[in-house]
Amino acid sequence: MKHLPEAHRQLLQMAISSAQQAGALPMFDLPEIPVQPSTRPGQGDYNSPVALSVAKAVGMKPRDVAERIVEHLPPAEFVSQVEIAGPGFINFSLARSYVVRLVDDILTEGERVGSVTLGAGKRAQVEFVSANPTGPLTIGRSRGAVVGDTMARLLEAAGYDVQREYYFNNAGNQMVALGNSLRYRYLEQLGLPLPIIDDDNFYRGDYLIDFAKALVAEHGDSLKDADWSTFKTYAEHKMFDWIKQTLQSVDIHHDNFFNEDSLFQSGAVWDTLAELEQRGHIYSAAEWEGASDEEKAQAAGKAPAKWFRSTAFGDDKDRVMVKSDGVPTYTLPDIAYHRNKIERGFDLMVNVLGADHGQQYRVVAWGVEALGLPADGIHVIIVQMVRFMKDGQIRKGSTRRGVFDTLDELVEEVGPDAIRYHLLARSPNTHLTFDVNEVIRKSNENAVFYIQNAHVRCAGILREAEARGFSDDAANLDLLGEDELAFLRKANELPEVITAAVTEYEPHKIAFYAKELAAIFHPMYDRVRVFHSDVPEDVARARLRFYCAAKVMFARVLRLMGMTTPDRM
RNA sequence: GCCCCUGUAGCUCAGUGGAUAGAGCGUUGCCCUCCGGAGGCAGAAGCACAGGUUCGAGUCCUGUCAGGGGCACCA
């Protein structure tokens with residue numbers, strides 16, 4: 001399968017160069033040549049407005065430029081016809097022989113169909129989810145989880161060697177609070193005197209009561225004098241088992257769990273601070289340099305903190321790296337973490353964050369810049385907030401108060417495929433309302449099953465063929481009709497969709513492509529029958545092979561979205 | 001107040017600076033015995049507002065209006 005816009009681009013490039021050498025066109029700076037799939041019948045399959053865009057620089061009429069280009073176009077096996085239309089568009093039509101052969105290309109490429117070589121020999125990392133293990137995964141994390149995992153799948157299809165990473169903080173105050181909360185629940189189970197616990201530092205969720213019961217069952221009262229850290233370690237492991245299981249239920253698997261604590265153990269956090277200090281980006285003060293008199297008065301007498309002069313990079317306020325009590329803020333280890341990522345030698349590092357972390361991330365990016373590190377491989381996908389609704393009620397919640405909706409519950413209610421599809425099928429930077437009732441209703445009538453049903457129908461035909469002992473051996477693909485060809489042309493857009501999704505960091509493009517492919521398939525399916533009294537055997541053979549290829553296409557796009565590929569509804 | 005994101009059909013959303021802006025739901029009318037109709041065909045209906053850049057703007061820039069999120073020595 002070819003990346004057709006790229007193939008056409010090369011043709012145009014050659015044509016322009018040779019026209020220039022022949023003196024038919026003057027020399028000029030050639031911009032990226034635009035090539036796009038045509039949307040309207042009569043305008044070919046792909047077109048380029050390149051003549052329009054360079055006409056001014058060339059000092060000729062667009063149509064004349066187009067003519068000179070077309071005269072010098074080298075022949076290509078996939079092009080059957082070239083026309084100049086409108087103000088100067090160059091329209092290309094695909095050769096029937098090329099399109100028909102796609103059936104065999106698809107079958108040969110199989111589950112990797114549509115892959116491109118963009119990332120061949122390169123390593124990419126996608127960091128996503130990254131929730132601290134203080135409670136079950138909430139629905140608030142689900143969008144980033146789905147977007148991150150789909151991005152990883154697309155990067156693999158683009159040829160990258162991909163690592164999925166989960167970064168978590170097991171060192172901070174939250175984890176101390178978690179340990180103390182479990183200790184409280186443990187002592188409560190044993191009926192022992194309870195410690196005083198600050199409401200703000202108490203995780204109230206019922207799951208800690210369950211953990212405490214399990215602890216009592218395993219250890220009796222032998223832990224009654226243990227401190228928070230014992231309980232924290234237990235809770236952390238238990239929590240991660242749970243989180244992994246939740247993620248697995250939506251077919252998400254991380255390759256690496258990177259914990260913040262390791263950055264302290266290795267000394268990377270303090271090394272990073274030293275490096276920043278050495279480069280002159282850090283100062284000690286009770287209040288930041290640009291603070292108002294009022295703020296300074298409030299800070300008077302406070303022990304000095306260490307500040308990162310982020311205002312030098314465009315921030316509106318400097319940021320604390322080390323608090324006056326000597327403990328670093330979250331930002332410093334996060335900068336150390338990104339340094340670590342870069343040192344691990346990834347060519348591309350994609351970081352999926354919720355909108356609430358977008359601002360915070362800028363400081364980290366400036367920190368990386370301040371270290372003088374190459375940051376051009378780092379890309380952030382900010383996913384905007386999702387409002388989850390059920391029965392007209394907006395769901396919100398806090399892990400600490402123990403009031404929240406979990407991803408487990410959502411999976412239970414709407415199923416993994418519907419979750420993945422609906423959270424994916426939006427541009428990451430649109431705000432989205434996920435109405436559980438609506439999704440359940442729509443999924444039963446629309447997109448999710450619409451796409452899966454295309455796969456089901458192909459599988460049904462293959463089953464029928466097997467039952468009849470009918471094979472596609474020696475199929476003559478020239479017998480395929482316009483309907484099948486239209487599908488195949490759309491199928492051949494997969495490489496460009498994967499390329500666009502990866503280079504623009506917009507994984508939702510695959511969801512829309514999948515729906516478009518199904519929208520071509522279903523009307524065609526009615527007309528293009530295999531086993532029907534009116535269909536001659538040789539035509540049936542060709543169609544059967546075509547449906548084999550169509551099934552491969554639907555399986556491919558469904559898997560790229562992390563969805564299942566049912567053979568029956 | 002400052003920063004980020006978003007305003008496209010009644011609703012939910014696509015839309016690479018290119019030709020006549022697309023889907024689904026809803027709505028109006030129609031079609032279907034044969035590989036599972038969770039289908040198919042047709043109709044009505046739209047780029048928040050005002051400037052600007054450009055041969056060409058839903059798309060880029062500025063402003064206005066409206067909505068969402070973020071602005072800790074928390075993570």
# chains A, B, ... in the order shown; residues from 1 in each chain; ligands from 1

call {"tool": "interface_residues", "arguments": {"of": "chain B", "to": "chain A", "cutoff": "6 Å", "atoms": "only C-alpha atoms (C1' of nucleotides)", "output": "ChimeraX atom specification"}}
result
/B:35,38,40,70,73

call {"tool": "atom_distance", "arguments": {"atom1": "CA of Arg279 in chain A", "atom2": "CA of Phe313 in chain A"}}
result
14.0 Å

call {"tool": "residues_around", "arguments": {"residues": "G63 in chain B", "least_positions_apart": "2", "cutoff": "12 Å", "atoms": "only C-alpha atoms (C1' of nucleotides)", "output": "PyMOL selection string"}}
result
chain B and resi 49-52+61+65

call {"tool": "atom_distance", "arguments": {"atom1": "CA of Asn201 in chain A", "atom2": "CA of Phe231 in chain A"}}
result
14.6 Å

call {"tool": "select_by_dssp", "arguments": {"residues": "range 300-393 of chain A", "states": "alpha helix (DSSP H)", "output": "list in words"}}
result
Thr331, Leu332, Pro333, Asp334, Ile335, Ala336, Tyr337, His338, Arg339, Asn340, Lys341, Ile342, Glu343, Gly358, Gln359, Gln360, Tyr361, Arg362, Val363, Val364, Ala365, Trp366, Gly367, Val368, Glu369 and Ala370 of chain A

call {"tool": "write_last_selection", "arguments": {"atoms": "N, CA, C and O atoms", "output": "CSV table (one decimal), in the first residue's frame"}}
result
chain,number,residue,atom,x,y,z
A,331,THR,N,7.6,20.0,41.0
A,331,THR,CA,8.2,20.5,39.8
A,331,THR,C,9.6,20.0,39.6
A,331,THR,O,10.0,19.6,38.5
A,332,LEU,N,10.4,20.1,40.7
A,332,LEU,CA,11.8,19.8,40.5
A,332,LEU,C,12.0,18.3,40.1
A,332,LEU,O,12.7,18.0,39.1
A,333,PRO,N,11.5,17.3,40.8
A,333,PRO,CA,11.6,16.0,40.3
A,333,PRO,C,11.0,15.8,38.9
A,333,PRO,O,11.5,14.9,38.2
A,334,ASP,N,10.0,16.5,38.6
A,334,ASP,CA,9.4,16.4,37.3
A,334,ASP,C,10.4,16.9,36.2
A,334,ASP,O,10.5,16.3,35.1
A,335,ILE,N,11.1,17.9,36.5
A,335,ILE,CA,12.2,18.3,35.6
A,335,ILE,C,13.3,17.3,35.5
A,335,ILE,O,13.7,16.9,34.4
A,336,ALA,N,13.6,16.7,36.6
A,336,ALA,CA,14.6,15.6,36.6
A,336,ALA,C,14.1,14.4,35.8
A,336,ALA,O,14.9,13.8,35.1
A,337,TYR,N,12.8,14.2,35.9
A,337,TYR,CA,12.2,13.1,35.2
A,337,TYR,C,12.4,13.3,33.7
A,337,TYR,O,12.7,12.4,33.0
A,338,HIS,N,12.1,14.5,33.3
A,338,HIS,CA,12.2,14.7,31.8
A,338,HIS,C,13.6,14.7,31.4
A,338,HIS,O,13.9,14.3,30.2
A,339,ARG,N,14.6,15.1,32.2
A,339,ARG,CA,16.0,15.0,31.9
A,339,ARG,C,16.3,13.5,31.7
A,339,ARG,O,17.0,13.1,30.7
A,340,ASN,N,15.8,12.7,32.6
A,340,ASN,CA,16.0,11.3,32.5
A,340,ASN,C,15.5,10.7,31.2
A,340,ASN,O,16.1,9.9,30.6
A,341,LYS,N,14.3,11.1,30.9
A,341,LYS,CA,13.7,10.6,29.6
A,341,LYS,C,14.6,11.0,28.4
A,341,LYS,O,14.8,10.1,27.6
A,342,ILE,N,15.1,12.2,28.4
A,342,ILE,CA,15.9,12.6,27.2
A,342,ILE,C,17.2,11.8,27.2
A,342,ILE,O,17.6,11.3,26.2
A,343,GLU,N,17.7,11.5,28.4
A,343,GLU,CA,19.0,10.8,28.5
A,343,GLU,C,18.8,9.3,28.1
A,343,GLU,O,19.7,8.7,27.7
A,358,GLY,N,-1.8,21.5,32.3
A,358,GLY,CA,-1.2,22.2,31.1
A,358,GLY,C,-0.3,23.3,31.6
A,358,GLY,O,0.9,23.4,31.1
A,359,GLN,N,-0.7,24.1,32.5
A,359,GLN,CA,0.0,25.3,33.0
A,359,GLN,C,1.3,24.8,33.7
A,359,GLN,O,2.4,25.3,33.4
A,360,GLN,N,1.1,23.8,34.5
A,360,GLN,CA,2.3,23.2,35.3
A,360,GLN,C,3.3,22.7,34.3
A,360,GLN,O,4.5,22.9,34.6
A,361,TYR,N,2.9,22.1,33.2
A,361,TYR,CA,3.8,21.5,32.3
A,361,TYR,C,4.8,22.6,31.7
A,361,TYR,O,5.9,22.3,31.4
A,362,ARG,N,4.3,23.8,31.5
A,362,ARG,CA,5.1,24.8,30.9
A,362,ARG,C,6.3,25.1,31.7
A,362,ARG,O,7.4,25.3,31.2
A,363,VAL,N,6.2,25.1,33.0
A,363,VAL,CA,7.3,25.3,33.9
A,363,VAL,C,8.4,24.2,33.8
A,363,VAL,O,9.6,24.4,33.7
A,364,VAL,N,7.9,22.9,33.6
A,364,VAL,CA,8.8,21.8,33.4
A,364,VAL,C,9.5,22.0,32.1
A,364,VAL,O,10.7,21.8,32.1
A,365,ALA,N,8.8,22.4,31.1
A,365,ALA,CA,9.4,22.6,29.8
A,365,ALA,C,10.5,23.6,29.9
A,365,ALA,O,11.6,23.5,29.3
A,366,TRP,N,10.2,24.7,30.6
A,366,TRP,CA,11.3,25.8,30.8
A,366,TRP,C,12.5,25.2,31.5
A,366,TRP,O,13.6,25.6,31.3
A,367,GLY,N,12.2,24.4,32.5
A,367,GLY,CA,13.2,23.8,33.3
A,367,GLY,C,14.2,23.0,32.4
A,367,GLY,O,15.4,23.1,32.5
A,368,VAL,N,13.6,22.2,31.5
A,368,VAL,CA,14.4,21.4,30.6
A,368,VAL,C,15.2,22.3,29.7
A,368,VAL,O,16.4,22.1,29.5
A,369,GLU,N,14.6,23.4,29.3
A,369,GLU,CA,15.3,24.4,28.4
A,369,GLU,C,16.5,25.0,29.2
A,369,GLU,O,17.6,25.2,28.7
A,370,ALA,N,16.2,25.3,30.5
A,370,ALA,CA,17.2,25.9,31.3
A,370,ALA,C,18.4,25.0,31.5
A,370,ALA,O,19.5,25.4,31.7

call {"tool": "atom_distance", "arguments": {"atom1": "CA of Trp228 in chain A", "atom2": "CA of Val176 in chain A"}}
result
6.6 Å

call {"tool": "residues_around", "arguments": {"residues": "range 8-23 of chain B", "least_positions_apart": "4", "cutoff": "6 Å", "atoms": "only C-alpha atoms (C1' of nucleotides)", "output": "list in words"}}
result
A45, G46 and C47 of chain B

call {"tool": "write_last_selection", "arguments": {"atoms": "N, CA and C atoms (P, O5', C5', C4', C3', O3' and C1' of nucleotides)", "output": "short mmCIF file (atom, residue, chain, number, x, y, z; two decimals), in the first residue's frame"}}
result
data_model
loop_
_atom_site.label_atom_id
_atom_site.label_comp_id
_atom_site.auth_asym_id
_atom_site.auth_seq_id
_atom_site.Cartn_x
_atom_site.Cartn_y
_atom_site.Cartn_z
P A B 45 -32.99 24.26 3.14
"O5'" A B 45 -32.37 24.26 4.62
"C5'" A B 45 -33.10 24.86 5.69
"C4'" A B 45 -32.47 24.47 6.99
"C3'" A B 45 -30.96 24.70 7.07
"O3'" A B 45 -30.66 26.04 7.41
"C1'" A B 45 -31.49 22.54 7.88
P G B 46 -29.59 26.89 6.61
"O5'" G B 46 -28.29 26.83 7.52
"C5'" G B 46 -28.29 27.45 8.81
"C4'" G B 46 -26.98 27.19 9.48
"C3'" G B 46 -25.76 27.85 8.84
"O3'" G B 46 -25.64 29.21 9.22
"C1'" G B 46 -25.27 25.60 9.34
P C B 47 -24.52 30.17 8.56
"O5'" C B 47 -23.09 29.56 8.88
"C5'" C B 47 -22.10 30.36 9.53
"C4'" C B 47 -21.24 29.48 10.41
"C3'" C B 47 -20.02 30.17 11.00
"O3'" C B 47 -19.79 29.60 12.28
"C1'" C B 47 -19.32 28.35 9.68
#

call {"tool": "residues_around", "arguments": {"residues": "range 486-492 of chain A", "least_positions_apart": "5", "cutoff": "8 Å", "atoms": "only C-alpha atoms (C1' of nucleotides)", "output": "PyMOL selection string"}}
result
chain A and resi 1-4+99-100+102-103+114+517+520-521+553

call {"tool": "write_last_selection", "arguments": {"atoms": "N, CA, C and O atoms", "output": "compact mmCIF listing (two decimals), in the first residue's frame"}}
result
# COMPACT_ATOMS: atom_id res chain seq x y z
N MET A 1 0.84 -1.20 0.00
CA MET A 1 0.00 0.00 0.00
C MET A 1 0.88 1.25 0.00
O MET A 1 1.80 1.36 0.79
N LYS A 2 0.60 2.13 -0.87
CA LYS A 2 1.40 3.34 -1.00
C LYS A 2 0.81 4.49 -0.19
O LYS A 2 -0.41 4.57 -0.05
N HIS A 3 1.67 5.37 0.23
CA HIS A 3 1.22 6.65 0.77
C HIS A 3 1.01 7.54 -0.45
O HIS A 3 1.96 8.13 -0.97
N LEU A 4 -0.20 7.60 -0.94
CA LEU A 4 -0.43 8.21 -2.25
C LEU A 4 -0.16 9.71 -2.34
O LEU A 4 0.38 10.16 -3.34
N VAL A 99 -5.63 -0.03 -8.29
CA VAL A 99 -6.63 -0.13 -7.23
C VAL A 99 -7.03 -1.58 -6.98
O VAL A 99 -7.11 -2.05 -5.84
N VAL A 100 -7.23 -2.29 -8.08
CA VAL A 100 -7.64 -3.69 -7.96
C VAL A 100 -6.58 -4.52 -7.24
O VAL A 100 -6.88 -5.39 -6.44
N LEU A 102 -4.81 -3.66 -4.91
CA LEU A 102 -4.78 -3.38 -3.47
C LEU A 102 -5.34 -4.54 -2.65
O LEU A 102 -4.94 -4.75 -1.52
N VAL A 103 -6.27 -5.28 -3.25
CA VAL A 103 -6.84 -6.42 -2.53
C VAL A 103 -5.73 -7.36 -2.08
O VAL A 103 -5.65 -7.74 -0.91
N GLY A 114 -1.34 -0.83 6.07
CA GLY A 114 -1.39 0.62 6.21
C GLY A 114 -0.20 1.21 6.94
O GLY A 114 -0.09 2.43 7.05
N LEU A 517 -14.81 4.67 6.46
CA LEU A 517 -14.61 3.41 5.74
C LEU A 517 -15.86 2.54 5.85
O LEU A 517 -16.31 1.95 4.87
N ILE A 520 -18.66 3.69 3.60
CA ILE A 520 -18.57 3.27 2.20
C ILE A 520 -18.95 1.80 2.09
O ILE A 520 -19.57 1.37 1.13
N PHE A 521 -18.58 1.06 3.11
CA PHE A 521 -18.80 -0.39 3.08
C PHE A 521 -20.28 -0.77 3.10
O PHE A 521 -20.73 -1.57 2.28
N MET A 553 -9.04 -4.90 6.68
CA MET A 553 -9.06 -3.45 6.89
C MET A 553 -9.79 -3.08 8.18
O MET A 553 -9.34 -2.25 8.97

call {"tool": "closest_residue", "arguments": {"among": "A:Gly110, A:Pro37, A:Gly148, A:Gly42", "to": "Glu127 in chain A", "atoms": "only C-alpha atoms"}}
result
A:Gly148

call {"tool": "residues_around", "arguments": {"residues": "G43 in chain B", "least_positions_apart": "2", "cutoff": "12 Å", "atoms": "only C-alpha atoms (C1' of nucleotides)", "output": "JSON, numbers by chain"}}
result
{"B": [27, 28, 29, 30, 41, 45]}

call {"tool": "select_by_dssp", "arguments": {"residues": "range 118-361 of chain A", "states": "strand (DSSP E)", "output": "NGL selection string"}}
result
:A and (123-127 or 161-168 or 256-259 or 282-285 or 305-308 or 319-322 or 348-354)

call {"tool": "decode", "arguments": {"residues": "range 59-70 of chain B", "atoms": "N, CA and C atoms (P, O5', C5', C4', C3', O3' and C1' of nucleotides)", "output": "short mmCIF file (atom, residue, chain, number, x, y, z; two decimals), in the first residue's frame"}}
result
data_model
loop_
_atom_site.label_atom_id
_atom_site.label_comp_id
_atom_site.auth_asym_id
_atom_site.auth_seq_id
_atom_site.Cartn_x
_atom_site.Cartn_y
_atom_site.Cartn_z
P U B 59 -11.78 31.46 9.34
"O5'" U B 59 -10.83 30.20 9.52
"C5'" U B 59 -10.74 29.52 10.77
"C4'" U B 59 -9.81 28.35 10.64
"C3'" U B 59 -8.36 28.74 10.34
"O3'" U B 59 -7.48 27.96 11.11
"C1'" U B 59 -9.18 27.29 8.65
P C B 60 -6.81 28.61 12.41
"O5'" C B 60 -5.82 29.71 11.80
"C5'" C B 60 -4.47 29.38 11.51
"C4'" C B 60 -3.73 30.63 11.11
"C3'" C B 60 -4.02 31.86 11.96
"O3'" C B 60 -3.25 31.87 13.14
"C1'" C B 60 -4.14 32.44 9.68
P C B 61 -3.78 32.59 14.45
"O5'" C B 61 -3.60 34.14 14.11
"C5'" C B 61 -2.31 34.71 13.97
"C4'" C B 61 -2.44 36.20 13.75
"C3'" C B 61 -3.34 36.91 14.75
"O3'" C B 61 -2.65 37.22 15.95
"C1'" C B 61 -3.93 37.58 12.57
P U B 62 -3.47 37.28 17.32
"O5'" U B 62 -4.24 38.68 17.18
"C5'" U B 62 -3.53 39.91 17.11
"C4'" U B 62 -4.50 41.05 16.98
"C3'" U B 62 -5.68 41.03 17.96
"O3'" U B 62 -5.34 41.52 19.23
"C1'" U B 62 -6.47 41.50 15.78
P G B 63 -6.14 40.99 20.51
"O5'" G B 63 -7.56 41.70 20.36
"C5'" G B 63 -7.67 43.11 20.49
"C4'" G B 63 -9.05 43.56 20.06
"C3'" G B 63 -10.21 42.96 20.83
"O3'" G B 63 -10.43 43.60 22.08
"C1'" G B 63 -10.68 42.87 18.52
P U B 64 -11.13 42.78 23.26
"O5'" U B 64 -12.64 42.66 22.75
"C5'" U B 64 -13.43 43.84 22.59
"C4'" U B 64 -14.81 43.47 22.10
"C3'" U B 64 -15.55 42.42 22.92
"O3'" U B 64 -16.17 42.97 24.06
"C1'" U B 64 -15.73 41.87 20.63
P C B 65 -16.27 42.05 25.40
"O5'" C B 65 -17.43 41.02 25.02
"C5'" C B 65 -18.72 41.49 24.70
"C4'" C B 65 -19.56 40.37 24.13
"C3'" C B 65 -19.60 39.10 24.96
"O3'" C B 65 -20.50 39.16 26.05
"C1'" C B 65 -19.23 38.54 22.70
P A B 66 -20.14 38.32 27.39
"O5'" A B 66 -20.39 36.81 26.93
"C5'" A B 66 -21.70 36.39 26.59
"C4'" A B 66 -21.68 34.96 26.10
"C3'" A B 66 -21.01 33.96 27.04
"O3'" A B 66 -21.83 33.56 28.12
"C1'" A B 66 -20.26 33.59 24.83
P G B 67 -21.09 33.13 29.51
"O5'" G B 67 -20.51 31.68 29.20
"C5'" G B 67 -21.41 30.58 29.08
"C4'" G B 67 -20.68 29.36 28.57
"C3'" G B 67 -19.59 28.80 29.48
"O3'" G B 67 -20.10 28.05 30.56
"C1'" G B 67 -18.81 28.86 27.26
P G B 68 -19.21 27.93 31.90
"O5'" G B 68 -18.04 26.94 31.50
"C5'" G B 68 -18.32 25.58 31.22
"C4'" G B 68 -17.05 24.84 30.87
"C3'" G B 68 -15.92 24.96 31.88
"O3'" G B 68 -16.08 24.10 32.99
"C1'" G B 68 -15.06 25.31 29.72
P G B 69 -15.44 24.54 34.40
"O5'" G B 69 -13.87 24.42 34.16
"C5'" G B 69 -13.27 23.14 34.01
"C4'" G B 69 -11.83 23.28 33.63
"C3'" G B 69 -10.93 23.98 34.64
"O3'" G B 69 -10.59 23.15 35.73
"C1'" G B 69 -10.44 24.79 32.49
P G B 70 -10.22 23.82 37.13
"O5'" G B 70 -8.80 24.48 36.85
"C5'" G B 70 -7.69 23.66 36.52
"C4'" G B 70 -6.51 24.52 36.12
"C3'" G B 70 -6.01 25.47 37.19
"O3'" G B 70 -5.20 24.79 38.13
"C1'" G B 70 -6.15 26.61 35.13
#
